[in-house]
Every structure is written in structure tokens, then in C-alpha cells.
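J.: So here's target.json (JSON, C-alpha atoms).
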```
[["chain", "number", "residue", "atom", "x", "y", "z"],
["A", 298, "MET", "CA", 90.91, 153.64, 151.89],
["A", 299, "GLU", "CA", 87.94, 151.67, 150.65],
["A", 300, "ASP", "CA", 88.55, 149.13, 147.85],
["A", 301, "GLY", "CA", 86.40, 151.04, 145.36],
["A", 302, "ASN", "CA", 88.26, 154.25, 146.14],
["A", 303, "SER", "CA", 91.59, 152.46, 145.71],
["A", 304, "LEU", "CA", 90.59, 151.39, 142.22],
["A", 305, "TRP", "CA", 89.69, 154.96, 141.24],
["A", 306, "ALA", "CA", 92.90, 156.29, 142.81],
["A", 307, "ALA", "CA", 94.94, 153.74, 140.83],
["A", 308, "LEU", "CA", 93.15, 154.69, 137.60],
["A", 309, "ALA", "CA", 93.77, 158.39, 138.31],
["A", 310, "LEU", "CA", 97.47, 157.69, 138.88],
["A", 311, "VAL", "CA", 97.71, 155.77, 135.58],
["A", 312, "LEU", "CA", 96.15, 158.71, 133.75],
["A", 313, "VAL", "CA", 98.59, 161.17, 135.35],
["A", 314, "ILE", "CA", 101.59, 158.99, 134.46],
["A", 315, "GLU", "CA", 100.31, 158.41, 130.91],
["A", 316, "GLY", "CA", 99.92, 162.15, 130.41],
["A", 317, "LEU", "CA", 103.41, 163.11, 131.57],
["A", 318, "LEU", "CA", 105.35, 162.37, 128.39],
["A", 319, "PRO", "CA", 103.00, 164.12, 125.93],
["A", 320, "PHE", "CA", 102.88, 167.11, 128.30],
["A", 321, "LEU", "CA", 106.63, 167.35, 128.90],
["A", 322, "SER", "CA", 107.88, 166.37, 125.45],
["A", 323, "PRO", "CA", 105.22, 166.33, 122.74],
["A", 324, "THR", "CA", 107.82, 165.93, 119.97],
["A", 325, "GLY", "CA", 109.47, 162.98, 121.70],
["A", 326, "TRP", "CA", 106.09, 161.41, 122.38],
["A", 327, "ARG", "CA", 105.07, 161.79, 118.73],
["A", 328, "ARG", "CA", 108.38, 160.23, 117.58],
["A", 329, "MET", "CA", 107.95, 157.32, 120.00],
["A", 330, "PHE", "CA", 104.36, 156.80, 118.84],
["A", 331, "GLN", "CA", 105.47, 156.70, 115.19],
["A", 332, "GLN", "CA", 108.04, 154.04, 116.09],
["A", 333, "LEU", "CA", 105.31, 152.03, 117.84],
["A", 334, "LEU", "CA", 103.14, 152.20, 114.72],
["A", 335, "ALA", "CA", 105.96, 150.63, 112.72],
["A", 336, "LEU", "CA", 106.09, 147.52, 114.95],
["A", 337, "GLN", "CA", 104.49, 144.24, 113.92],
["A", 338, "ASP", "CA", 101.46, 142.92, 115.83],
["A", 339, "GLY", "CA", 103.54, 140.21, 117.49],
["A", 340, "GLN", "CA", 106.05, 142.76, 118.77],
["A", 341, "LEU", "CA", 103.28, 144.94, 120.21],
["A", 342, "ARG", "CA", 101.71, 141.90, 121.88],
["A", 343, "PHE", "CA", 105.07, 140.96, 123.40],
["A", 344, "PHE", "CA", 105.52, 144.45, 124.87],
["A", 345, "GLY", "CA", 101.94, 144.36, 126.14],
["A", 346, "LEU", "CA", 102.54, 140.97, 127.77],
["A", 347, "CYS", "CA", 105.77, 142.20, 129.38],
["A", 348, "SER", "CA", 103.94, 145.25, 130.70],
["A", 349, "MET", "CA", 101.13, 143.13, 132.18],
["A", 350, "VAL", "CA", 103.59, 140.71, 133.81],
["A", 351, "ALA", "CA", 105.62, 143.59, 135.27],
["A", 352, "GLY", "CA", 102.42, 145.17, 136.60],
["A", 353, "LEU", "CA", 101.23, 141.92, 138.14],
["A", 354, "LEU", "CA", 104.63, 141.34, 139.77],
["A", 355, "LEU", "CA", 104.63, 144.86, 141.18],
["A", 356, "PHE", "CA", 101.05, 144.41, 142.38],
["A", 357, "TRP", "CA", 102.04, 141.13, 144.05],
["A", 358, "LEU", "CA", 105.07, 142.73, 145.74],
["A", 359, "VAL", "CA", 103.08, 145.68, 147.03],
["A", 360, "GLY", "CA", 100.00, 143.69, 148.08]]
```
The structure in this file should be written as C-alpha cells.
T.:
Amino acid sequence: MEDGNSLWAALALVLVIEGLLPFLSPTGWRRMFQQLLALQDGQLRFFGLCSMVAGLLLFWLVG
């Protein structure tokens, strides 16, 4: 698969995964989103950082 196509395939997969929870459990997704809104900026940044580090580690392991 060409590099450009890999990027689009990865983006498509992210969109599918992101859409699973609201599709399967809209009430649970709404409850989780309300809990996220209650977090402080620092807490959200920490979770974002953890997510980026986990993604980079996974990318490094796969690549």
C-alpha cells in the first residue's frame, strides 16, 4: 500500500473506532462526555498526552 493510501486508511480506521461508542451506546457516550466536560484543563491535557504517548509507542512497535 502506498504511503499516502496508508495515511487515509489510518484516518478512516480512527473515524470508525471513534464512531463505535456513540453508535452502540449513545447514553453511555453522552454520560462519558459529560464527565469529560467536568475535568480541569490539566487533567484533559494529561489524558491527551497519555493517548499520544500510547499511540507513538504502538506506532513504534508496529513499524
J.: So the first atom is atom CA of Phe344 of chain A and the second is atom CA of Leu304 of chain A; what is the distance between them in Å, to one decimal place?
T.: 23.9 Å
J.: Expressed in Å to a single decimal, how great is the separation between atom CA of Val311 of chain A and atom CA of Phe356 of chain A?
T.: 13.7 Å
J.: Which value, in Å to one decimal, gives the distance between atom CA of Val313 of chain A and atom CA of Trp326 of chain A?
T.: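 Answer for the atom CA of Val313 of chain A to atom CA of Trp326 of chain A separation: 15.0 Å.
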